[in-house]
file coords.cif (mmCIF, C-alpha atoms)
data_target
loop_
_atom_site.label_atom_id
_atom_site.label_comp_id
_atom_site.auth_asym_id
_atom_site.auth_seq_id
_atom_site.Cartn_x
_atom_site.Cartn_y
_atom_site.Cartn_z
CA MET A 1 0.00 0.00 0.00
CA SER A 2 1.51 3.34 -1.03
CA SER A 3 2.06 6.21 1.39
CA PHE A 4 -0.79 8.11 -0.33
CA LYS A 5 -3.20 5.35 0.59
CA ILE A 6 -1.89 5.26 4.14
CA LEU A 7 -2.26 9.05 4.44
CA ALA A 8 -5.82 8.92 3.09
CA ILE A 9 -6.70 6.20 5.59
CA ASP A 10 -5.08 8.13 8.45
CA GLU A 11 -7.06 11.22 7.45
CA ILE A 12 -10.35 9.29 7.42
CA CYS A 13 -9.60 7.81 10.85
CA GLN A 14 -8.53 11.16 12.32
CA ARG A 15 -11.67 12.99 11.21
CA GLY A 16 -13.83 10.05 12.35
CA SER A 17 -15.93 9.88 9.21
CA VAL A 18 -15.85 8.01 5.94
CA ARG A 19 -17.49 9.91 3.11
CA GLU A 20 -18.87 8.74 -0.22
CA VAL A 21 -15.84 10.21 -1.98
CA ASP A 22 -13.58 8.16 0.33
CA VAL A 23 -15.46 4.97 -0.51
CA THR A 24 -15.21 5.75 -4.23
CA LEU A 25 -11.46 6.38 -3.95
CA LEU A 26 -10.89 3.24 -1.88
CA ARG A 27 -12.99 1.14 -4.24
CA ARG A 28 -11.07 2.45 -7.26
CA THR A 29 -7.69 2.01 -5.57
CA PHE A 30 -8.39 -1.50 -4.32
CA ALA A 31 -9.84 -2.57 -7.69
CA ARG A 32 -6.38 -2.04 -9.19
CA GLU A 33 -4.79 -4.47 -6.74
CA ALA A 34 -4.50 -8.13 -7.72
CA GLN A 35 -4.67 -9.06 -4.06
CA LEU A 36 -5.30 -6.74 -1.16
CA GLY A 37 -3.05 -8.22 1.48
CA PRO A 38 -3.21 -7.96 5.25
CA SER A 39 -2.19 -4.29 5.50
CA ALA A 40 -5.07 -3.15 3.27
CA ILE A 41 -7.54 -5.26 5.24
CA GLU A 42 -6.23 -3.94 8.56
CA ALA A 43 -6.66 -0.40 7.18
CA LEU A 44 -10.30 -1.09 6.32
CA LEU A 45 -10.92 -2.62 9.74
CA ARG A 46 -9.32 0.46 11.31
CA ILE A 47 -11.56 2.79 9.31
CA ASN A 48 -14.63 0.80 10.27
CA SER A 49 -13.66 0.92 13.92
CA LEU A 50 -12.69 4.61 14.10
CA ALA A 51 -15.02 6.29 11.60
CA ARG A 52 -18.23 6.57 13.60
CA VAL A 53 -19.89 8.62 10.85
CA GLN A 54 -20.17 6.44 7.75
CA ASP A 55 -21.65 7.20 4.36
CA SER A 56 -24.33 4.74 3.25
CA ALA A 57 -21.91 3.36 0.62
CA TRP A 58 -19.44 2.22 3.28
CA PRO A 59 -21.18 -0.90 4.69
CA ASP A 60 -21.57 -2.59 1.28
CA PHE A 61 -17.98 -1.78 0.30
CA PHE A 62 -16.63 -2.98 3.64
CA VAL A 63 -18.63 -6.24 3.61
CA GLU A 64 -17.86 -7.02 -0.07
CA THR A 65 -14.13 -6.27 0.24
CA LEU A 66 -13.53 -8.19 3.44
CA THR A 67 -15.66 -11.12 2.27
CA ASP A 68 -13.61 -11.30 -0.92
CA TYR A 69 -10.40 -11.27 1.11
CA VAL A 70 -11.43 -13.90 3.65
CA VAL A 71 -13.22 -16.24 1.24
CA ARG A 72 -11.22 -15.87 -1.96
CA GLU A 73 -7.74 -14.61 -1.05
CA LEU A 74 -6.89 -16.47 2.13
CA GLU A 75 -5.81 -20.07 1.63
CA PRO A 76 -7.47 -22.43 1.17
CA ALA A 77 -9.66 -20.36 -1.15
CA GLY A 78 -13.37 -20.84 -0.57
CA TYR A 79 -12.91 -22.17 2.96
CA VAL A 80 -12.63 -20.37 6.27
CA THR A 81 -10.21 -22.13 8.59
CA ALA A 82 -10.60 -22.12 12.36
CA ALA A 83 -7.60 -19.79 12.59
CA HIS A 84 -9.15 -17.36 10.09
CA ALA A 85 -12.47 -17.49 11.94
CA GLY A 86 -10.71 -16.72 15.22
CA TRP A 87 -8.84 -13.82 13.62
CA LEU A 88 -12.09 -12.47 12.14
CA ILE A 89 -14.04 -12.74 15.39
CA ALA A 90 -11.23 -10.97 17.24
CA ARG A 91 -11.21 -8.15 14.65
CA VAL A 92 -14.97 -7.46 14.79
CA SER A 93 -15.66 -7.89 18.48
CA THR A 94 -15.07 -6.22 21.79
CA ALA A 95 -15.44 -8.25 24.96
CA GLY A 96 -16.79 -11.13 22.88
CA ARG A 97 -19.60 -9.10 21.25
CA VAL A 98 -19.81 -7.89 17.68
CA ARG A 99 -19.50 -4.08 17.66
CA THR A 100 -21.70 -3.09 14.72
CA LYS A 101 -24.47 -4.35 12.49
CA THR A 102 -22.10 -3.96 9.53
CA GLU A 103 -19.65 -6.35 11.17
CA HIS A 104 -22.45 -8.86 11.80
CA ASP A 105 -23.46 -8.47 8.14
CA LEU A 106 -19.83 -9.25 7.27
CA LEU A 107 -19.94 -12.47 9.28
CA ARG A 108 -23.21 -13.52 7.66
CA ASN A 109 -21.90 -12.73 4.18
CA ILE A 110 -18.69 -14.70 4.72
CA ILE A 111 -20.68 -17.66 6.04
CA ASP A 112 -22.97 -17.41 3.02
CA LYS A 113 -20.20 -17.12 0.40
CA ALA A 114 -17.75 -19.68 1.76
CA ARG A 115 -17.94 -23.35 0.88
CA TRP A 116 -17.26 -24.19 4.50
CA VAL A 117 -16.78 -22.35 7.79
CA PRO A 118 -15.99 -23.72 11.23
CA GLU A 119 -18.88 -24.21 13.59
CA SER A 120 -17.38 -21.56 15.90
CA LEU A 121 -18.05 -18.79 13.37
CA LEU A 122 -21.62 -19.87 12.71
CA VAL A 123 -22.41 -20.24 16.40
CA TYR A 124 -20.84 -16.84 17.14
CA ALA A 125 -23.12 -15.17 14.55
CA LEU A 126 -26.18 -17.04 15.89
CA ASN A 127 -25.32 -16.05 19.46
CA GLU A 128 -25.30 -12.38 18.47
CA ILE A 129 -28.89 -12.79 17.28
CA LYS A 130 -29.74 -14.64 20.50
CA ILE A 131 -28.37 -11.76 22.61
CA ALA A 132 -30.32 -9.20 20.58
CA VAL A 133 -33.53 -11.18 21.07
CA ALA A 134 -32.99 -12.13 24.70
CA ASP A 135 -31.73 -8.78 25.97
CA GLY A 136 -33.24 -6.46 23.38
CA THR A 137 -29.79 -4.83 23.12
CA GLY A 138 -26.76 -4.70 20.86
CA PRO A 139 -25.95 -3.51 17.38
CA LEU A 140 -28.61 -5.68 15.76
CA ARG A 141 -31.24 -3.74 17.73
CA MET A 142 -29.93 -0.26 16.91
CA GLY A 143 -32.54 2.11 15.59
CA GLY A 144 -35.47 0.46 17.26
CA VAL A 145 -36.65 -0.21 20.74
CA LEU A 146 -38.07 -3.66 21.19
CA PRO A 147 -38.71 -5.41 24.46
CA PRO A 148 -36.50 -8.39 25.32
CA GLY A 149 -37.89 -11.64 23.98
CA THR A 150 -39.20 -10.10 20.77
CA MET A 151 -37.88 -11.53 17.51
CA THR A 152 -38.25 -9.51 14.32
CA LEU A 153 -38.67 -10.77 10.78
CA PRO A 154 -35.15 -9.55 9.84
CA GLU A 155 -33.71 -11.60 12.71
CA ILE A 156 -35.65 -14.67 11.60
CA GLU A 157 -34.28 -14.13 8.09
CA GLN A 158 -30.74 -13.81 9.50
CA VAL A 159 -31.09 -17.14 11.33
CA ARG A 160 -32.44 -18.76 8.17
CA GLN A 161 -29.57 -17.34 6.12
CA LEU A 162 -26.99 -18.65 8.57
CA LEU A 163 -28.47 -22.14 8.69
CA PHE A 164 -28.95 -22.35 4.91
CA ALA A 165 -25.44 -21.12 4.17
CA TYR A 166 -22.73 -22.55 1.92
CA GLY A 167 -24.73 -22.00 -1.26
CA ALA A 168 -26.99 -24.97 -0.58
CA ASP A 169 -30.76 -25.21 -0.88
CA GLY A 170 -30.95 -26.13 2.78
CA PRO A 171 -28.81 -27.09 5.72
CA SER A 172 -26.87 -30.28 5.08
CA ALA A 173 -26.64 -31.02 8.77
CA ILE A 174 -27.34 -29.00 11.84
CA THR A 175 -24.81 -29.46 14.59
CA GLN A 176 -25.58 -29.79 18.27
CA ALA A 177 -24.07 -26.33 18.88
CA GLU A 178 -26.40 -24.83 16.27
CA ILE A 179 -29.39 -26.63 17.82
CA ASP A 180 -28.37 -25.29 21.23
CA ALA A 181 -28.15 -21.74 19.82
CA LEU A 182 -31.59 -22.10 18.22
CA LEU A 183 -33.08 -23.41 21.46
CA ASP A 184 -31.51 -20.49 23.34
CA ILE A 185 -33.03 -18.05 20.84
CA ASP A 186 -36.41 -19.74 21.20
CA ALA A 187 -36.21 -19.63 25.00
#

call {"tool": "encode", "arguments": {"input": "coords.cif", "output": "structure tokens"}}
result
Amino acid sequence: MSSFKILAIDEICQRGSVREVDVTLLRRTFAREAQLGPSAIEALLRINSLARVQDSAWPDFFVETLTDYVVRELEPAGYVTAAHAGWLIARVSTAGRVRTKTEHDLLRNIIDKARWVPESLLVYALNEIKIAVADGTGPLRMGGVLPPGTMTLPEIEQVRQLLFAYGADGPSAITQAEIDALLDIDA
């Protein structure tokens, strides 16, 4: 990554906002790269973490770019290893909880696009939905006030998407950990 790119990223982080023009520039710059590499991905994660004001173009760009990196660039391509899942969870969480809806969307998109992910990643994403439903709190509940124990149609769709992942028409097998997460959500 050139010093210009690093300076642009530092500027975005310092001002605490990512604008549409920033997303356009980043998209154009990253499109020229054959592979992004860890430093570019860390820069995007840093922007997402520090830029509290985000243009509406940012979430799609962030999710698409990181999904492409995790699913297609990291080896073995198409598969998310346990180590990669651990790295990803560590990068999008604080105190074991996902920080933003965009980061949860990233997890769901990676699970959907990969041929295989470890159970730990799927259960982590399901548990975030469980916490939102059980407590009525967290980034999945931002923008609306719902009492604890209420499950919304978008949350039901998120659970369905997670269980029907890997490009299949339905779940090939549901693990005991997934069943436990579903029972916790239901409770």

call {"tool": "closest_residue", "arguments": {"input": "coords.cif", "among": "A:Ile110, A:Ile131, A:Ala177, A:Val23", "to": "Thr81 of chain A", "atoms": "all atoms listed in the file"}}
result
A:Ile110

call {"tool": "resolve_selection", "arguments": {"input": "coords.cif", "expression": "the PyMOL selection byres ((chain A and resi 97-106) around 6)", "output": "number ranges by chain"}}
result
A: 59, 63, 92-96, 107-109, 139-140

call {"tool": "atom_distance", "arguments": {"input": "coords.cif", "atom1": "atom CA of Glu178 of chain A", "atom2": "atom CA of Ala83 of chain A"}}
result
19.8 Å

call {"tool": "residues_around", "arguments": {"input": "coords.cif", "residues": "Leu45 of chain A", "least_positions_apart": "3", "cutoff": "9 Å", "atoms": "all atoms listed in the file", "output": "NGL selection string"}}
result
:A and (40-42 or 48-50 or 62 or 66 or 91-92)

call {"tool": "closest_residue", "arguments": {"input": "coords.cif", "among": "A:Ala8, A:Val18, A:Ala57, A:Leu122", "to": "Ala85 of chain A", "atoms": "only C-alpha atoms"}}
result
A:Leu122

call {"tool": "residues_around", "arguments": {"input": "coords.cif", "residues": "Leu25 of chain A", "least_positions_apart": "2", "cutoff": "12 Å", "atoms": "all atoms listed in the file", "output": "list in words"}}
result
Phe4, Lys5, Ala8, Ile9, Ile12, Val18, Arg19, Glu20, Val21, Asp22, Val23, Arg27, Arg28, Thr29, Phe30, Ala31, Arg32, Ala57, Trp58 and Phe61 of chain A

call {"tool": "atom_distance", "arguments": {"input": "coords.cif", "atom1": "atom CA of Ala90 of chain A", "atom2": "atom CA of Tyr124 of chain A"}}
result
11.3 Å

call {"tool": "resolve_selection", "arguments": {"input": "coords.cif", "expression": "the PyMOL selection byres ((chain A and resi 151-158) around 10)", "output": "list of chain:residue names"}}
result
A:His104, A:Asp105, A:Arg108, A:Ala125, A:Leu126, A:Ile129, A:Lys130, A:Ala132, A:Val133, A:Ala134, A:Gly136, A:Leu140, A:Arg141, A:Leu146, A:Pro147, A:Pro148, A:Gly149, A:Thr150, A:Val159, A:Arg160, A:Gln161, A:Leu162, A:Leu163, A:Phe164, A:Ile185, A:Asp186

call {"tool": "write_last_selection", "arguments": {"input": "coords.cif", "atoms": "C-alpha atoms", "output": "mmCIF file, in the coordinates of the input"}}
result
data_model
loop_
_atom_site.group_PDB
_atom_site.id
_atom_site.type_symbol
_atom_site.label_atom_id
_atom_site.label_comp_id
_atom_site.auth_asym_id
_atom_site.auth_seq_id
_atom_site.Cartn_x
_atom_site.Cartn_y
_atom_site.Cartn_z
ATOM 1 C CA HIS A 104 -22.450 -8.860 11.800
ATOM 2 C CA ASP A 105 -23.460 -8.470 8.140
ATOM 3 C CA ARG A 108 -23.210 -13.520 7.660
ATOM 4 C CA ALA A 125 -23.120 -15.170 14.550
ATOM 5 C CA LEU A 126 -26.180 -17.040 15.890
ATOM 6 C CA ILE A 129 -28.890 -12.790 17.280
ATOM 7 C CA LYS A 130 -29.740 -14.640 20.500
ATOM 8 C CA ALA A 132 -30.320 -9.200 20.580
ATOM 9 C CA VAL A 133 -33.530 -11.180 21.070
ATOM 10 C CA ALA A 134 -32.990 -12.130 24.700
ATOM 11 C CA GLY A 136 -33.240 -6.460 23.380
ATOM 12 C CA LEU A 140 -28.610 -5.680 15.760
ATOM 13 C CA ARG A 141 -31.240 -3.740 17.730
ATOM 14 C CA LEU A 146 -38.070 -3.660 21.190
ATOM 15 C CA PRO A 147 -38.710 -5.410 24.460
ATOM 16 C CA PRO A 148 -36.500 -8.390 25.320
ATOM 17 C CA GLY A 149 -37.890 -11.640 23.980
ATOM 18 C CA THR A 150 -39.200 -10.100 20.770
ATOM 19 C CA VAL A 159 -31.090 -17.140 11.330
ATOM 20 C CA ARG A 160 -32.440 -18.760 8.170
ATOM 21 C CA GLN A 161 -29.570 -17.340 6.120
ATOM 22 C CA LEU A 162 -26.990 -18.650 8.570
ATOM 23 C CA LEU A 163 -28.470 -22.140 8.690
ATOM 24 C CA PHE A 164 -28.950 -22.350 4.910
ATOM 25 C CA ILE A 185 -33.030 -18.050 20.840
ATOM 26 C CA ASP A 186 -36.410 -19.740 21.200
#

call {"tool": "residues_around", "arguments": {"input": "coords.cif", "residues": "Ala43 of chain A", "least_positions_apart": "4", "cutoff": "9 Å", "atoms": "all atoms listed in the file", "output": "list in words"}}
result
Ile6, Ile9, Asp10, Pro38, Ser39, Ile47 and Asn48 of chain A

call {"tool": "write_last_selection", "arguments": {"input": "coords.cif", "atoms": "C-alpha atoms", "output": "PDB file, in the frame of the given file"}}
result
ATOM      1  CA  ILE A   6      -1.890   5.260   4.140  1.00  0.00           C
ATOM      2  CA  ILE A   9      -6.700   6.200   5.590  1.00  0.00           C
ATOM      3  CA  ASP A  10      -5.080   8.130   8.450  1.00  0.00           C
ATOM      4  CA  PRO A  38      -3.210  -7.960   5.250  1.00  0.00           C
ATOM      5  CA  SER A  39      -2.190  -4.290   5.500  1.00  0.00           C
ATOM      6  CA  ILE A  47     -11.560   2.790   9.310  1.00  0.00           C
ATOM      7  CA  ASN A  48     -14.630   0.800  10.270  1.00  0.00           C
TER       8      ASN A  48
END

call {"tool": "atom_distance", "arguments": {"input": "coords.cif", "atom1": "atom CA of Leu36 of chain A", "atom2": "atom CA of Tyr69 of chain A"}}
result
7.2 Å

call {"tool": "closest_residue", "arguments": {"input": "coords.cif", "among": "A:Ala165, A:Lys113, A:Pro76, A:Ala51", "to": "Gln14 of chain A", "atoms": "all atoms listed in the file"}}
result
A:Ala51

call {"tool": "closest_residue", "arguments": {"input": "coords.cif", "among": "A:Tyr79, A:Trp87, A:Thr67, A:Gly138", "to": "Trp116 of chain A", "atoms": "all atoms listed in the file"}}
result
A:Tyr79
